[in-house]
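Accompanying notes for the structure given below.
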Amino acid sequence: MRHLPSIDWRHGAVALAVGWLATSCTWEPRRGEPVDEKERVVTIEPRIPLLATYPCSSCHATRTPQPERHPLKEVHAVRTFDFSHGDDTFWCYQCHSIRNLDQLVTSTGALVGFDEAWKLCTSCHGDKLDDWKRGMHGLIVGEWNGPRTKLSCPSCHNPHHPRYPTIEPEKMPETIKPLTPFGAK
Amino acid sequence: MSQRPVTCTKTDCTAPSCAPDCAPSAPATGLVQLRRGGGTSRRSILQAAAGGVAAAVAAPACNTPEFEAYFQKHYKKLTDEEKVKVFARLEEKTRQKTGVRVRIGDPPPIEGVHFAYALNLSHCNGNRRCAEACARENNLPDEPEMRYIRVLELDNGSQHLERGTVYYDREKVPAPGKFYLPVQCHQCDNAPCVKACPTGATWKENDGIVVVDYDWCIGCRYCQAACPYHARRFNWVEPKIEPSRINPHQAYLSNRIRQMGVVEKCTFCLQRTRRGMYPACYEVCPTGARKFGDLSDPESEVRQIVENKRVWILKEDLGTEPRFFYFYG
């Protein structure tokens, strides 16, 4: 039998660290490209097909973007009243790239596509990134033990006013209600 | 009861398979009289069987669906061939009663899977979509109206369940200063309802789901009294359901059409989840508050939540060991 090289604990520690780095850094499913994650296929919902006015450059080829805060016009008019993200400190080019309007820009200055909007969101909201990766935050559609699609941040949170809106609830059936109020304070 | 199809009444039996065996000269004993009267219950049929041996001898020859229903074995003792017959009979019964062709299946528990549910109370906004979707998926009757999922509205900063209400009626939710706590069957590992059942009509399956055999339930409602989560519902009258709203994809132990006098409950939509799908309440939830999966899979969402979040269970002091976890986050 051949002599095997002796393995001390440092080799194991290095291997573990490399393994941990590999697993924690390689989680990056791309648009429409299924990633086999422990025998389960997880895809992230692509965003661009849902955008009505994409690509932005189709209009902004003739309209010059203005970096200062100003009342918005045309398709953006609603944003002037509807914008409630980051108080008064944010404006369009906090997230949209002014150099390439078809791209988004993260807080560190990196350009990401609209389909990778979750990278932009989590560049500030990093606490949600881990929860979302593990499936603890956000919507997942598909099968619990089969192919599934993770919804990206903007699928639920409008990026321009991210708080989830109040919605109308389903009614409690009338016949279930008791004649005398129950649980009244 | 009047809608129940009576295929053999001895005197006016027209079924071709039944006619030769059911001679009009058969003695009009208790069983026969019961069928004529239309009053049918397990107790009365047993009384009739005790009263006249002739009836018991003559009845097997009839081989009617009614007879098979009375003498159907417990679900766990049914062989595969018997199950096929039982399901076919129930499908036919539903077709005669509602005019809808349904398919009753029997998906078995998946080996090694332990279902669990987690609910994010920070995200739930009390919109009751879950309760409605559940009602449609599980063929909950229009009369008596019932919901497996009850959403409690509670004051922020308190968990005083008795001061909450499930009957809130609001234009928009969430209301300021309130939070919402949906409650449904917790599929307890140490289920009080299973221990309370005197007939063995409810039991815990291997994947953790507590099920009810509606054909074995006698309607004593002991389980309903034993459940600390108010998760079980009772059919006080013959359940009526709009035929167009019937979900034809049914399972014997979950969403098939129930009859009067039996208890029913949430089964984590086992007709869906045992085939890989998510429960109806999960799929319809717009807020992402609901998380469902296999607790024995280290990568599943519920397992991640149980390991990494501060989960809590309702009425922990009762020792029911639920499979339903709440968390904030």
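Ordering of the structure tokens sets the chain letters (A, B, ...); residue numbers start at 1 within each chain; ligands are numbered from 1 in the order shown.
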For chain B, report every residue with an atom at most 7 Å from chain A (counting only C-alpha atoms), formatted as a PyMOL selection string. chain B and resi 126-129+145-146+162-165+167+169+171-174+276-278+288+293+301+304-305
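Our summary of the geometry notes that atom CA of B:Asn308 is positioned 26.5 Å from atom CA of B:Asp155.
Nearest to B:Pro144 of all the residues B:Phe179, B:Phe268, B:Tyr168, B:Trp236 is B:Trp236, counting only C-alpha atoms.
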Here is a test: counting only C-alpha atoms, which residue of B:Val113, B:Cys285, B:Ala280, B:Ala69 is nearest to B:Glu82? B:Ala69
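Atom CA of B:Ser296 sits 25.2 Å away from atom CA of B:Cys134.
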Contacts of stretch 224-234 of chain B at 7 Å or less, counting only C-alpha atoms, minus same-chain residues fewer than 2 places along, as a compact mmCIF listing (two decimals) with N, CA and C atoms, in the first residue's frame?
# COMPACT_ATOMS: atom_id res chain seq x y z
N TYR B 148 -61.66 26.93 6.83
CA TYR B 148 -60.67 26.25 7.66
C TYR B 148 -59.72 27.27 8.30
N GLN B 184 -55.02 27.89 11.45
CA GLN B 184 -55.66 26.75 10.79
C GLN B 184 -55.18 25.50 11.50
N CYS B 185 -55.45 24.33 10.93
CA CYS B 185 -55.01 23.11 11.62
C CYS B 185 -53.49 23.11 11.71
N PRO B 192 -54.33 16.33 20.14
CA PRO B 192 -55.41 16.01 21.07
C PRO B 192 -56.65 15.47 20.37
N CYS B 193 -56.89 15.92 19.14
CA CYS B 193 -58.09 15.47 18.42
C CYS B 193 -58.01 13.98 18.12
N ALA B 196 -58.80 12.06 21.14
CA ALA B 196 -60.18 12.16 21.59
C ALA B 196 -61.13 11.31 20.76
N ARG B 221 -68.09 14.89 17.60
CA ARG B 221 -67.48 16.19 17.80
C ARG B 221 -66.57 16.25 19.02
N TYR B 222 -66.13 15.12 19.52
CA TYR B 222 -65.16 15.14 20.62
C TYR B 222 -63.87 15.83 20.16
N TRP B 236 -73.30 20.66 10.07
CA TRP B 236 -74.57 20.55 10.80
C TRP B 236 -75.71 20.16 9.87
N GLY B 261 -73.12 15.64 9.16
CA GLY B 261 -72.79 14.95 10.39
C GLY B 261 -71.38 14.45 10.50
N VAL B 262 -70.48 15.01 9.73
CA VAL B 262 -69.07 14.62 9.85
C VAL B 262 -68.21 15.86 10.08
N VAL B 263 -67.05 15.60 10.67
CA VAL B 263 -66.11 16.66 10.97
C VAL B 263 -65.08 16.75 9.86
N GLU B 264 -64.65 17.96 9.55
CA GLU B 264 -63.61 18.13 8.54
C GLU B 264 -62.62 19.18 9.01
N LYS B 265 -61.50 19.27 8.28
CA LYS B 265 -60.42 20.14 8.72
C LYS B 265 -59.42 20.35 7.60
At a cut-off of 6 Å, using only C-alpha atoms, what residues contact stretch 43-60 of chain A? Leave out same-chain residues fewer than 2 positions from it and give the result as an MDAnalysis selection string. chainID A and resid 31 34 62:63 101:102 115 149:151
Extract, using only C-alpha atoms, all DNA, RNA and protein residues at most 7 Å from B:Asp189, discarding same-chain residues fewer than 3 positions from it, and format them as number ranges by chain. B: 208, 320-322
Out of stretch 26-170 of chain A, which residues get helix (DSSP H, G or I) from DSSP, as a PyMOL selection string? chain A and resi 48-50+57-60+74-82+92-94+114-124+126-133+153-156
Please identify which residues in stretch 27-272 of chain B DSSP calls strand (DSSP E or B) from the backbone, and express them as a PyMOL selection string. chain B and resi 103-105+115-120+143+150-155+165+173+178-183+202-204+210-212+232-234+240+249-251+263-265
Writing out the chosen residues with N, CA and C atoms as a compact mmCIF listing (two decimals), in the first residue's frame:
# COMPACT_ATOMS: atom_id res chain seq x y z
N ARG B 103 -62.83 13.14 -9.86
CA ARG B 103 -61.88 12.06 -9.80
C ARG B 103 -61.31 12.01 -8.38
N ILE B 104 -61.58 10.92 -7.70
CA ILE B 104 -61.11 10.77 -6.32
C ILE B 104 -59.86 9.91 -6.33
N GLY B 105 -58.78 10.47 -5.88
CA GLY B 105 -57.52 9.76 -5.81
C GLY B 105 -57.14 9.47 -4.38
N PHE B 115 -44.10 17.31 6.44
CA PHE B 115 -44.57 18.63 6.05
C PHE B 115 -44.61 19.56 7.26
N ALA B 116 -44.32 20.81 7.00
CA ALA B 116 -44.46 21.83 8.03
C ALA B 116 -44.79 23.15 7.36
N TYR B 117 -45.30 24.05 8.15
CA TYR B 117 -45.74 25.34 7.66
C TYR B 117 -45.10 26.41 8.52
N ALA B 118 -44.74 27.51 7.92
CA ALA B 118 -44.24 28.66 8.67
C ALA B 118 -44.96 29.89 8.17
N LEU B 119 -45.26 30.80 9.08
CA LEU B 119 -46.03 31.97 8.70
C LEU B 119 -45.38 33.22 9.27
N ASN B 120 -45.07 34.15 8.38
CA ASN B 120 -44.38 35.38 8.74
C ASN B 120 -45.43 36.43 9.14
N GLU B 143 -73.26 26.22 1.90
CA GLU B 143 -74.18 26.18 3.03
C GLU B 143 -74.02 24.85 3.74
N ARG B 150 -58.90 30.84 9.89
CA ARG B 150 -59.48 32.01 10.52
C ARG B 150 -58.34 32.99 10.77
N VAL B 151 -58.53 34.24 10.37
CA VAL B 151 -57.49 35.25 10.53
C VAL B 151 -57.88 36.14 11.70
N LEU B 152 -57.10 36.07 12.76
CA LEU B 152 -57.37 36.89 13.95
C LEU B 152 -56.73 38.26 13.78
N GLU B 153 -57.50 39.29 14.09
CA GLU B 153 -56.95 40.64 14.11
C GLU B 153 -56.64 41.02 15.55
N LEU B 154 -55.38 41.32 15.81
CA LEU B 154 -54.95 41.61 17.17
C LEU B 154 -54.31 42.99 17.23
N ASP B 155 -54.30 43.57 18.44
CA ASP B 155 -53.65 44.87 18.63
C ASP B 155 -52.14 44.68 18.60
N THR B 165 -60.28 39.52 17.05
CA THR B 165 -61.52 39.14 16.40
C THR B 165 -61.21 38.57 15.02
N VAL B 173 -56.83 46.57 4.36
CA VAL B 173 -55.98 46.00 5.40
C VAL B 173 -54.53 46.19 4.96
N LYS B 178 -52.81 47.33 14.04
CA LYS B 178 -53.28 45.94 14.16
C LYS B 178 -52.27 45.02 13.48
N PHE B 179 -52.27 43.78 13.96
CA PHE B 179 -51.58 42.75 13.18
C PHE B 179 -52.48 41.53 13.08
N TYR B 180 -52.11 40.61 12.22
CA TYR B 180 -53.03 39.53 11.84
C TYR B 180 -52.39 38.18 12.06
N LEU B 181 -53.16 37.28 12.63
CA LEU B 181 -52.65 35.97 13.02
C LEU B 181 -53.56 34.89 12.42
N PRO B 182 -53.21 34.37 11.26
CA PRO B 182 -54.03 33.30 10.68
C PRO B 182 -53.87 32.00 11.46
N VAL B 183 -54.98 31.33 11.72
CA VAL B 183 -54.94 30.07 12.46
C VAL B 183 -55.66 29.01 11.63
N THR B 202 -59.99 9.57 12.80
CA THR B 202 -58.98 10.58 12.50
C THR B 202 -57.65 10.09 13.03
N TRP B 203 -56.60 10.29 12.23
CA TRP B 203 -55.29 9.80 12.63
C TRP B 203 -54.22 10.63 11.95
N LYS B 204 -52.99 10.42 12.40
CA LYS B 204 -51.85 11.16 11.85
C LYS B 204 -51.13 10.30 10.84
N VAL B 210 -52.71 15.28 9.74
CA VAL B 210 -53.81 14.64 10.46
C VAL B 210 -55.02 14.61 9.52
N VAL B 211 -55.53 13.42 9.28
CA VAL B 211 -56.61 13.27 8.29
C VAL B 211 -57.87 12.73 8.97
N VAL B 212 -58.97 12.85 8.26
CA VAL B 212 -60.26 12.36 8.74
C VAL B 212 -60.84 11.44 7.67
N ARG B 232 -61.24 22.47 13.67
CA ARG B 232 -62.14 21.51 13.02
C ARG B 232 -63.52 22.10 12.84
N ARG B 233 -64.17 21.67 11.77
CA ARG B 233 -65.50 22.18 11.42
C ARG B 233 -66.46 21.00 11.32
N PHE B 234 -67.72 21.28 11.63
CA PHE B 234 -68.73 20.22 11.63
C PHE B 234 -69.84 20.56 10.64
N LYS B 240 -74.21 21.98 0.95
CA LYS B 240 -74.60 22.32 -0.42
C LYS B 240 -73.46 23.11 -1.05
N HIS B 249 -60.63 17.60 -8.80
CA HIS B 249 -59.42 16.87 -8.41
C HIS B 249 -59.48 16.63 -6.91
N GLN B 250 -59.93 15.45 -6.54
CA GLN B 250 -60.22 15.21 -5.13
C GLN B 250 -59.40 14.04 -4.60
N ALA B 251 -59.32 14.00 -3.29
CA ALA B 251 -58.66 12.88 -2.62
C ALA B 251 -59.58 12.36 -1.53
N VAL B 263 -67.05 15.60 10.67
CA VAL B 263 -66.11 16.66 10.97
C VAL B 263 -65.08 16.75 9.86
N GLU B 264 -64.65 17.96 9.55
CA GLU B 264 -63.61 18.13 8.54
C GLU B 264 -62.62 19.18 9.01
N LYS B 265 -61.50 19.27 8.28
CA LYS B 265 -60.42 20.14 8.72
C LYS B 265 -59.42 20.35 7.60
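When atom CA of A:His85 is paired with atom CA of A:Thr64, their separation reads 23.5 Å.
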Contacts of stretch 70-79 of chain B within 7 Å, only C-alpha atoms, excl. fewer than 4 positions in-chain, as JSON, numbers by chain: {"B": [42, 66, 83, 213, 216]}
Nearest residue to A:Arg99 out of A:Cys153, A:Leu129, A:Ala61, A:Val78, using only C-alpha atoms? A:Ala61
